[in-house]
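What follows is a short report on a single structure.
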Amino acid sequence: MPRTARRKSESGIYHIMLRGINHQQIFEDEEDNQHFIETLSKYKEQCGYTIYAYCLMGNHLHILLKEGKEDLTLMLKRIAGSYVYWYNWKYHRSGHLFQDRFKSEAVEDDGYLLTVLRYIHQNPVKAGLCRKAERYVYSSMSEYLTKSSLVDTGFVYSLITKEQFVEFHEEENFDRCL
């Protein structure tokens, strides 16, 4: 049975999820997390995409981004391929690291963009890894609260204030995305 075609976003904004094959860990230590963030930064320049949020969760990851110069599939191929090559070298392994192809959903309006943003940042809280999203080191939450380097916080802050952002993230929610 053939795969269904990926739905093209009119806004160019997507929520992306990659999971480790057989749910295995894809980030074993701090160096792995840092290397993936550096990979995102490296290809951000080359591919011209804009990152609104990310969260690295051990056996999976989420990214909220807007396409740039390149198509979504090519961008993710570069990012994932580069990380897998490095990971396999580091751990003396070969073969696939990610399960299937990446999952994506189009984000077409500002309300849903904010919902996905909160969902991504709340992932470690709901998984029991921390009590507050801003305490989780491997997400973009801190970039919204302090200084932004990888993430474009300006777009979100053109929609809501920083105070509204904090309140929105602290609201009890049952967000379900992807």
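So you can find residues: chains in the structure tokens are A, B, ... in the order shown, residues in each start at 1, and ligands are numbered from 1 in order.
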| What's the 9 Å shell around Lys44 (chain A), counting only C-alpha atoms, without same-chain residues fewer than 6 positions away, as a count of residues only? | 5
| task | Excluding region 143-145 of chain A and residues on its chain fewer than 3 positions from it, collect all residues at most 12 Å away from it, counting only C-alpha atoms, and give them as a PyMOL selection string. | result | chain A and resi 51-55+117-118+121+133-140+148-157+160-166+169
Atoms kept (C-alpha atoms) for selection, written as a tab-separated table (two decimals), in the first residue's frame:
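File produced: again_36.tsv:
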```tsv
chain	number	residue	atom	x	y	z
A	51	ILE	CA	12.53	27.79	13.96
A	52	TYR	CA	9.71	28.72	16.35
A	53	ALA	CA	10.16	25.89	18.86
A	54	TYR	CA	11.98	22.64	19.52
A	55	CYS	CA	12.17	20.00	22.24
A	117	LEU	CA	4.19	25.81	20.69
A	118	ARG	CA	2.74	25.09	24.14
A	121	HIS	CA	7.25	23.10	25.46
A	133	ALA	CA	8.73	23.80	31.14
A	134	GLU	CA	11.35	26.52	31.60
A	135	ARG	CA	13.45	24.10	33.65
A	136	TYR	CA	13.92	21.66	30.78
A	137	VAL	CA	17.30	22.38	29.20
A	138	TYR	CA	16.76	20.87	25.75
A	139	SER	CA	13.82	22.92	24.55
A	140	SER	CA	13.34	26.41	23.20
A	148	SER	CA	16.97	34.00	21.78
A	149	SER	CA	19.71	32.62	19.55
A	150	LEU	CA	18.34	29.73	17.47
A	151	VAL	CA	14.62	30.42	17.73
A	152	ASP	CA	12.69	33.32	16.16
A	153	THR	CA	10.70	34.56	19.15
A	154	GLY	CA	9.70	37.79	17.38
A	155	PHE	CA	6.86	36.23	15.41
A	156	VAL	CA	5.22	34.72	18.50
A	157	TYR	CA	5.73	37.95	20.44
A	160	ILE	CA	1.03	37.77	22.23
A	161	THR	CA	3.05	39.57	24.90
A	162	LYS	CA	5.69	37.84	26.99
A	163	GLU	CA	3.34	37.93	29.99
A	164	GLN	CA	0.56	36.32	27.92
A	165	PHE	CA	3.06	33.74	26.66
A	166	VAL	CA	3.97	32.75	30.25
A	169	HIS	CA	2.08	28.05	29.01
```
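Closest to Gly95 (chain A) among A:Leu113, A:Ile21, A:Met57, A:Ile16 is A:Ile21, based on only C-alpha atoms.
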Within 10 Å of Leu40 (chain A) using only C-alpha atoms, minus same-chain residues under 5 positions, as a compact mmCIF listing (two decimals) with N, CA and C atoms, in the first residue's frame:
```txt
# COMPACT_ATOMS: atom_id res chain seq x y z
N GLN A 34 23.37 18.63 22.43
CA GLN A 34 24.05 19.83 21.93
C GLN A 34 24.38 19.69 20.44
N HIS A 35 24.81 18.50 20.04
CA HIS A 35 25.15 18.31 18.64
C HIS A 35 23.91 18.47 17.74
N GLU A 45 20.92 28.25 8.46
CA GLU A 45 21.53 29.21 7.55
C GLU A 45 21.46 28.71 6.10
N TYR A 49 15.41 28.12 6.85
CA TYR A 49 14.17 27.94 7.60
C TYR A 49 14.18 28.79 8.87
N ILE A 51 12.95 28.68 12.88
CA ILE A 51 12.53 27.79 13.96
C ILE A 51 11.74 28.60 14.98
N TYR A 54 11.45 24.00 19.60
CA TYR A 54 11.98 22.64 19.52
C TYR A 54 11.99 22.04 20.92
N ILE A 63 9.89 19.76 16.44
CA ILE A 63 10.35 21.05 15.92
C ILE A 63 9.14 21.74 15.30
N MET A 75 15.00 19.63 3.69
CA MET A 75 15.56 20.19 4.93
C MET A 75 15.71 19.11 6.00
N LEU A 76 14.65 18.32 6.19
CA LEU A 76 14.71 17.27 7.22
C LEU A 76 15.68 16.17 6.84
N ARG A 78 18.49 16.66 5.31
CA ARG A 78 19.80 17.20 5.67
C ARG A 78 20.04 17.13 7.19
N ILE A 79 19.06 17.61 7.95
CA ILE A 79 19.20 17.66 9.40
C ILE A 79 19.34 16.25 9.98
N ALA A 80 18.39 15.38 9.66
CA ALA A 80 18.39 14.03 10.22
C ALA A 80 19.59 13.23 9.73
N SER A 82 22.53 14.25 8.71
CA SER A 82 23.76 14.73 9.33
C SER A 82 23.88 14.23 10.76
N TYR A 83 22.78 14.28 11.50
CA TYR A 83 22.81 13.82 12.89
C TYR A 83 23.04 12.31 12.97
N LEU A 150 18.73 30.63 18.56
CA LEU A 150 18.34 29.73 17.47
C LEU A 150 16.90 29.97 17.02
```
| chain A: residues DSSP assigns to strand (DSSP E), reported as a PyMOL selection string | chain A and resi 13-19+50-56+60-66+103-106
| Which residue, A:Arg101, A:His60, A:Lys66, A:Arg176, has the smallest gap to Phe36 (chain A) when you use only C-alpha atoms? |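 Among A:Arg101, A:His60, A:Lys66, A:Arg176, it is A:His60 that comes nearest to Phe36 (chain A).
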| Glu172 (chain A) environment, 12 Å, only C-alpha atoms, sequence neighbours closer than 4 positions dropped, as a ChimeraX atom specification | /A:118-119,122,125-126,167-168
| request: Pull the alpha helix (DSSP H) assignments for region 109-153 of chain A out of DSSP run on the backbone, and list those residues as a ChimeraX atom specification. | output: /A:110-126,141-145
| request: Might you pull out every residue within 7 Å of region 106-111 of chain A, with only C-alpha atoms counted and same-chain residues fewer than 2 positions away left off, and present them as a list of chain:residue names? | output: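 So the residues in contact are A:Arg7, A:Lys8, A:Ser9, A:Glu10, A:Ser11, A:Ile13, A:Tyr14, A:His15, A:Ser104, A:Leu113, A:Leu114, A:Thr115.
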Could the residues in this selection be written to a file with N, CA, C and O atoms, as an mmCIF file, in the first residue's frame?
```cif
data_model
loop_
_atom_site.group_PDB
_atom_site.id
_atom_site.type_symbol
_atom_site.label_atom_id
_atom_site.label_comp_id
_atom_site.auth_asym_id
_atom_site.auth_seq_id
_atom_site.Cartn_x
_atom_site.Cartn_y
_atom_site.Cartn_z
ATOM 1 N N ARG A 7 0.749 16.516 3.503
ATOM 2 C CA ARG A 7 -0.088 17.687 3.255
ATOM 3 C C ARG A 7 0.779 18.941 3.242
ATOM 4 O O ARG A 7 1.518 19.212 4.173
ATOM 5 N N LYS A 8 0.687 19.694 2.157
ATOM 6 C CA LYS A 8 1.464 20.925 1.986
ATOM 7 C C LYS A 8 0.811 22.051 2.776
ATOM 8 O O LYS A 8 -0.389 22.264 2.696
ATOM 9 N N SER A 9 1.609 22.782 3.535
ATOM 10 C CA SER A 9 1.109 23.893 4.339
ATOM 11 C C SER A 9 1.046 25.160 3.499
ATOM 12 O O SER A 9 2.004 25.515 2.819
ATOM 13 N N GLU A 10 -0.076 25.846 3.570
ATOM 14 C CA GLU A 10 -0.217 27.138 2.881
ATOM 15 C C GLU A 10 0.678 28.188 3.539
ATOM 16 O O GLU A 10 1.195 29.070 2.868
ATOM 17 N N SER A 11 0.853 28.086 4.860
ATOM 18 C CA SER A 11 1.661 29.059 5.601
ATOM 19 C C SER A 11 3.154 28.729 5.538
ATOM 20 O O SER A 11 3.990 29.573 5.843
ATOM 21 N N ILE A 13 4.426 26.604 7.547
ATOM 22 C CA ILE A 13 4.786 26.263 8.921
ATOM 23 C C ILE A 13 4.348 24.828 9.215
ATOM 24 O O ILE A 13 3.226 24.440 8.892
ATOM 25 N N TYR A 14 5.256 24.075 9.852
ATOM 26 C CA TYR A 14 4.997 22.672 10.153
ATOM 27 C C TYR A 14 5.419 22.324 11.573
ATOM 28 O O TYR A 14 6.414 22.852 12.080
ATOM 29 N N HIS A 15 4.673 21.404 12.162
ATOM 30 C CA HIS A 15 5.075 20.738 13.403
ATOM 31 C C HIS A 15 5.669 19.402 12.965
ATOM 32 O O HIS A 15 4.997 18.602 12.329
ATOM 33 N N SER A 104 4.674 15.013 10.166
ATOM 34 C CA SER A 104 4.495 16.459 10.092
ATOM 35 C C SER A 104 3.016 16.785 10.025
ATOM 36 O O SER A 104 2.207 15.978 9.568
ATOM 37 N N LEU A 113 -0.816 27.587 15.972
ATOM 38 C CA LEU A 113 0.623 27.748 16.158
ATOM 39 C C LEU A 113 0.936 27.884 17.654
ATOM 40 O O LEU A 113 1.854 27.237 18.162
ATOM 41 N N LEU A 114 0.156 28.677 18.378
ATOM 42 C CA LEU A 114 0.370 28.838 19.816
ATOM 43 C C LEU A 114 0.100 27.535 20.567
ATOM 44 O O LEU A 114 0.823 27.186 21.510
ATOM 45 N N THR A 115 -0.910 26.799 20.135
ATOM 46 C CA THR A 115 -1.210 25.506 20.761
ATOM 47 C C THR A 115 -0.054 24.533 20.567
ATOM 48 O O THR A 115 0.373 23.860 21.513
#
```
